[in-house]
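> Pasting protein.cif below, which is mmCIF, C-alpha atoms.
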```cif
data_structure
loop_
_atom_site.label_atom_id
_atom_site.label_comp_id
_atom_site.auth_asym_id
_atom_site.auth_seq_id
_atom_site.Cartn_x
_atom_site.Cartn_y
_atom_site.Cartn_z
CA MET A 2 12.55 9.51 -6.72
CA LEU A 3 10.34 6.76 -5.32
CA ASP A 4 11.48 3.15 -5.60
CA VAL A 5 9.10 0.40 -4.52
CA SER A 6 10.39 -3.10 -5.14
CA ILE A 7 8.61 -6.22 -3.93
CA LYS A 8 10.35 -9.49 -4.77
CA GLY A 9 10.28 -13.11 -3.70
CA TRP A 10 6.50 -13.31 -3.41
CA SER A 11 5.24 -16.33 -1.44
CA HIS A 12 1.92 -17.60 -0.17
CA ASP A 13 1.72 -18.83 3.42
CA LYS A 14 -1.00 -21.47 3.09
CA ASP A 15 -1.53 -21.78 6.84
CA LEU A 16 -1.88 -18.06 7.55
CA GLN A 17 -3.42 -17.29 4.13
CA ILE A 18 -1.22 -14.23 3.63
CA ILE A 19 1.14 -13.11 0.89
CA GLN A 20 4.69 -12.38 1.98
CA ALA A 21 7.60 -10.83 0.07
CA ASP A 22 10.84 -8.90 0.37
CA VAL A 23 9.89 -5.23 0.41
CA LEU A 24 12.10 -2.27 -0.45
CA MET A 25 10.60 1.21 -0.36
CA ALA A 26 12.93 4.15 -0.74
CA VAL A 27 12.70 7.80 -1.67
CA ASP A 28 15.92 9.29 -2.98
CA ASP A 29 18.61 8.20 -0.48
CA SER A 30 16.17 7.41 2.34
CA VAL A 31 15.20 3.75 2.82
CA LEU A 32 11.75 3.63 4.41
CA VAL A 33 11.25 -0.15 4.32
CA GLU A 34 13.68 -2.98 3.63
CA GLU A 35 12.71 -6.40 4.95
CA PRO A 36 10.51 -9.45 4.43
CA LEU A 37 6.89 -8.53 5.23
CA CYS A 38 3.25 -9.39 4.67
CA VAL A 39 2.11 -7.40 1.63
CA ASP A 40 -1.54 -8.30 1.08
CA VAL A 41 -3.07 -6.98 4.32
CA GLY A 42 -2.05 -3.41 3.55
CA LEU A 43 -2.13 -3.61 -0.25
CA PRO A 44 -5.66 -2.20 -0.60
CA ALA A 45 -4.67 0.79 1.56
CA PHE A 46 -1.48 1.27 -0.47
CA LEU A 47 -3.47 1.28 -3.73
CA TYR A 48 -6.12 3.56 -2.23
CA SER A 49 -3.38 6.05 -1.35
CA ALA A 50 -2.63 6.50 -5.06
CA LEU A 51 -6.06 8.11 -5.41
CA TYR A 52 -7.00 9.54 -2.02
CA ASP A 53 -5.49 11.05 1.10
CA THR A 54 -4.91 8.44 3.79
CA THR A 55 -4.32 8.37 7.51
CA PRO A 56 -3.44 4.99 9.00
CA ASN A 57 -4.92 3.22 11.99
CA ARG A 58 -3.41 -0.22 12.46
CA PHE A 59 -6.00 -0.93 15.16
CA ALA A 60 -8.98 -0.37 12.82
CA PRO A 61 -11.24 -3.35 12.05
CA PRO A 62 -10.61 -5.23 8.77
CA ASP A 63 -13.58 -3.59 7.03
CA GLN A 64 -11.69 -0.29 7.32
CA TRP A 65 -9.00 -1.69 5.03
CA GLU A 66 -8.09 1.78 3.70
CA ARG A 67 -6.60 2.60 7.12
CA MET A 68 -4.21 -0.36 7.38
CA PRO A 69 -0.43 0.12 7.35
CA PHE A 70 0.87 -0.43 3.81
CA PHE A 71 3.19 -3.24 4.93
CA VAL A 72 2.86 -5.32 8.08
CA CYS A 73 4.76 -7.93 10.04
CA GLY A 74 5.41 -11.22 8.29
CA CYS A 75 2.72 -12.79 10.49
CA GLY A 76 0.07 -10.66 8.80
CA ASP A 77 -1.20 -8.97 11.98
CA PRO A 78 -1.21 -5.17 11.57
CA GLU A 79 -1.21 -4.71 15.34
CA CYS A 80 2.07 -6.63 15.60
CA ARG A 81 4.29 -4.39 13.51
CA GLY A 82 3.71 -2.29 10.46
CA PHE A 83 4.99 0.46 8.25
CA SER A 84 2.43 3.23 8.30
CA PHE A 85 2.21 6.26 6.04
CA VAL A 86 0.07 9.35 5.77
CA VAL A 87 -0.50 10.35 2.15
CA ASN A 88 -1.69 13.80 1.09
CA HIS A 89 -2.36 14.69 -2.53
CA GLN A 90 -1.20 18.23 -3.25
CA ALA A 91 -2.70 20.59 -5.83
CA GLU A 92 0.56 20.80 -7.78
CA GLN A 93 0.47 17.11 -8.83
CA GLN A 94 2.61 16.03 -5.91
CA VAL A 95 2.03 13.37 -3.27
CA GLU A 96 3.24 14.08 0.23
CA LEU A 97 4.33 10.75 1.74
CA ILE A 98 4.87 10.86 5.49
CA ALA A 99 6.32 7.86 7.31
CA VAL A 100 4.70 7.68 10.74
CA GLU A 101 4.96 5.70 13.94
CA GLU A 102 1.48 4.91 15.22
CA ARG A 103 0.49 4.96 18.88
CA THR A 104 -2.28 2.98 20.58
CA ASP A 105 -4.25 6.15 21.33
CA GLY A 106 -4.83 6.83 17.62
CA THR A 107 -2.14 9.49 17.29
CA TYR A 108 1.13 9.13 15.44
CA ARG A 109 4.60 10.61 15.34
CA GLU A 110 5.90 11.83 11.99
CA LEU A 111 9.27 10.31 11.11
CA GLU A 112 10.05 11.76 7.70
CA THR A 113 8.28 13.47 4.81
CA HIS A 114 8.86 13.20 1.07
CA MET A 115 7.30 14.91 -1.94
CA ILE A 116 6.80 12.64 -4.95
CA PRO A 117 5.29 13.46 -8.36
CA SER A 118 1.74 12.02 -8.40
CA MET A 119 2.23 10.21 -11.70
CA ASP A 120 5.39 8.46 -10.44
CA TYR A 121 3.61 7.44 -7.25
CA ARG A 122 0.58 6.05 -9.11
CA LYS A 123 2.67 4.10 -11.60
CA GLN A 124 4.79 2.46 -8.89
CA VAL A 125 1.79 1.60 -6.72
CA VAL A 126 -0.36 0.20 -9.54
CA ALA A 127 2.55 -2.01 -10.69
CA ILE A 128 2.56 -3.65 -7.26
CA GLY A 129 -1.20 -4.23 -7.47
CA GLU A 130 -0.85 -5.81 -10.92
CA THR A 131 1.96 -8.09 -9.73
CA TYR A 132 -0.17 -9.20 -6.78
CA LEU A 133 -3.12 -10.04 -9.06
CA GLN A 134 -0.84 -12.11 -11.32
CA PHE A 135 0.74 -13.88 -8.35
CA ILE A 136 -2.52 -14.98 -6.71
CA LYS A 137 -4.24 -16.03 -9.94
CA GLU A 138 -3.66 -19.79 -9.50
CA LEU A 139 -3.55 -19.93 -5.68
CA ASP A 140 -6.02 -21.42 -3.22
CA TYR A 141 -6.06 -18.08 -1.44
CA ARG A 142 -8.58 -17.04 1.21
CA PRO A 143 -7.48 -13.71 2.72
CA TYR A 144 -8.78 -12.52 6.09
CA LEU A 145 -10.65 -9.69 4.36
CA ALA A 146 -12.67 -11.84 1.95
CA ASP A 147 -13.05 -8.98 -0.55
CA THR A 148 -9.30 -8.27 -0.83
CA VAL A 149 -8.97 -9.48 -4.43
CA LYS A 150 -12.07 -7.60 -5.61
CA VAL A 151 -10.96 -4.42 -3.81
CA VAL A 152 -7.48 -4.67 -5.37
CA GLU A 153 -8.94 -5.29 -8.85
CA ASP A 154 -11.25 -2.27 -8.50
CA LEU A 155 -8.48 0.01 -7.23
CA VAL A 156 -6.04 -1.07 -9.96
CA HIS A 157 -8.73 -0.22 -12.51
CA GLN A 158 -9.39 3.19 -10.90
CA ILE A 159 -5.67 4.02 -10.80
CA HIS A 160 -5.32 3.17 -14.49
CA GLN A 161 -8.27 5.46 -15.24
CA GLN A 162 -6.65 8.25 -13.22
CA ILE A 163 -3.32 7.80 -15.01
CA ARG A 164 -5.09 8.01 -18.39
CA SER A 165 -6.99 11.08 -17.23
CA ASP A 166 -3.77 12.73 -16.02
CA LEU A 167 -2.06 12.01 -19.34
CA ASP A 168 -5.03 13.35 -21.33
CA GLY A 169 -5.12 16.49 -19.18
CA SER A 170 -1.43 17.22 -19.72
CA SER A 171 -1.64 17.06 -23.52
#
```
Show me, as C-alpha cells, the structure contained in the file I just sent.

Amino acid sequence: MLDVSIKGWSHDKDLQIIQADVLMAVDDSVLVEEPLCVDVGLPAFLYSALYDTTPNRFAPPDQWERMPFFVCGCGDPECRGFSFVVNHQAEQQVELIAVEERTDGTYRELETHMIPSMDYRKQVVAIGETYLQFIKELDYRPYLADTVKVVEDLVHQIHQQIRSDLDGSS
C-alpha cells in the first residue's frame, strides 16, 4: 500500500519554493523520509498519475514532467532529488520504480513496486489539492512561472480520470 504524507508545509520567500516534510512509503519500504522542496517536482508527480514518466533532473524547467518528484530543500533538482519511473499497466496497476539518475541520462533502478492505479491517483491528487490550498494566500513566484496553472490543470485531469475509472467499474 502506498503512503504519501507531506506535512509542515512552508514557503521560503527568498528562494520562492515550497518545502515540507515528505514521507513516501510502499508497504514496509520507505522511499523518501526527510524535509524537501515539493513544488519543483509536483507537476511531474501529478503528471505521473496519468502518464508514464521517465525522469531527467538535468532537463530544462519547461520539461517539468521530467523533474524528480521531490528535490533538495534548496529547490535545485540537480543538487539532490528522488526520482521515479512510472509505468501504467493494463491491469489497473502503476509500476513505481525508484531510480538513481546519472549525468549521462541513464539511471539505476533501486526498487520496484506495483500499486493499484486508483490508490496512486487518489494519493497524488490529494497532495496537489493541499499544495493549491497552501499557496492560495502567498506572494509566490515559482521558478517555472506556470507551476500553479499546470498543477490546477493536472488536478482537474486526475479528478476526471478517477471519475471515469469509477464509472467504468460500475
> Using all atoms listed in the file, pick whichever of A:Pro56, A:Glu138, A:Pro117, A:Val41 has the shortest atom-to-atom distance to A:Glu101.
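Closest to A:Glu101 of all the choices is A:Pro56.
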> For the interface of stretch 80-139 of chain A with stretch 11-17 of chain A (cut-off 9 Å, counting only C-alpha atoms), please tabulate each contacting residue of stretch 80-139 of chain A alongside its nearest pair of atoms and their separation in Å to one decimal, rows sorted by chain and increasing number, as CSV.

```
residue,atom,partner,partner_atom,distance
A:Phe135,CA,A:Ser11,CA,8.6
A:Ile136,CA,A:His12,CA,8.3
A:Leu139,CA,A:His12,CA,8.1
```
> Within 9 Å of A:Ser84, counting only C-alpha atoms, which residues qualify if same-chain residues fewer than 3 places away don't, as a list in words?
Thr55, Pro56, Asn57, Arg58, Met68, Pro69, Phe70, Phe71, Val72, Ile98, Ala99, Val100, Glu101 and Glu102 of chain A
> Name every residue that the PyMOL selection byres ((chain A and resi 52) around 10) selects in this structure, writing the answer as a ChimeraX atom specification with chains first and numbers rising.
/A:45,47-51,53-55,66,87-89,95
> For the file shown, report as a VMD selection string the outcome of the PyMOL selection byres ((chain A and resi 26) around 9) at residue level.
chain A and resid 2 to 6 24 to 25 27 to 34
> With the file shown as input, list the residues that the PyMOL selection byres ((chain A and resi 147-156) around 12) selects, as a VMD selection string.
chain A and resid 17 to 19 39 to 52 62 to 66 122 to 137 139 141 to 146 157 to 163
> Identify which of the residues A:Cys38, A:Ala60, A:Leu111, A:Ala21 lies closest to A:Phe85, counting only C-alpha atoms when measuring atom-to-atom distances.
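Result for the nearest residue to A:Phe85: A:Leu111.
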> Can you work out which one of A:Leu97, A:Cys73, A:Ile116, A:Ala91 has the shortest atom-to-atom distance to A:Pro36, counting all atoms listed in the file?
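Smallest separation from A:Pro36 among the options: A:Cys73.
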> Would you please work out which residue, of A:Asp168, A:Glu35, A:Glu96, A:Asp22, is nearest to A:Thr113 when using all atoms listed in the file?
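Ranking A:Asp168, A:Glu35, A:Glu96, A:Asp22 by distance to A:Thr113, first place goes to A:Glu96.
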> Could you state the separation of atom CA of A:Ser118 and atom CA of A:Gln94 in Å, given to one decimal place?
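Going from atom CA of A:Ser118 over to atom CA of A:Gln94, I get 4.8 Å.
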> May I ask which of the residues A:Asp77, A:Ile7, A:Glu92, A:Val86 is the closest one to A:Arg109, counting all atoms listed in the file?
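Among the listed residues, the smallest separation from A:Arg109 belongs to A:Val86.
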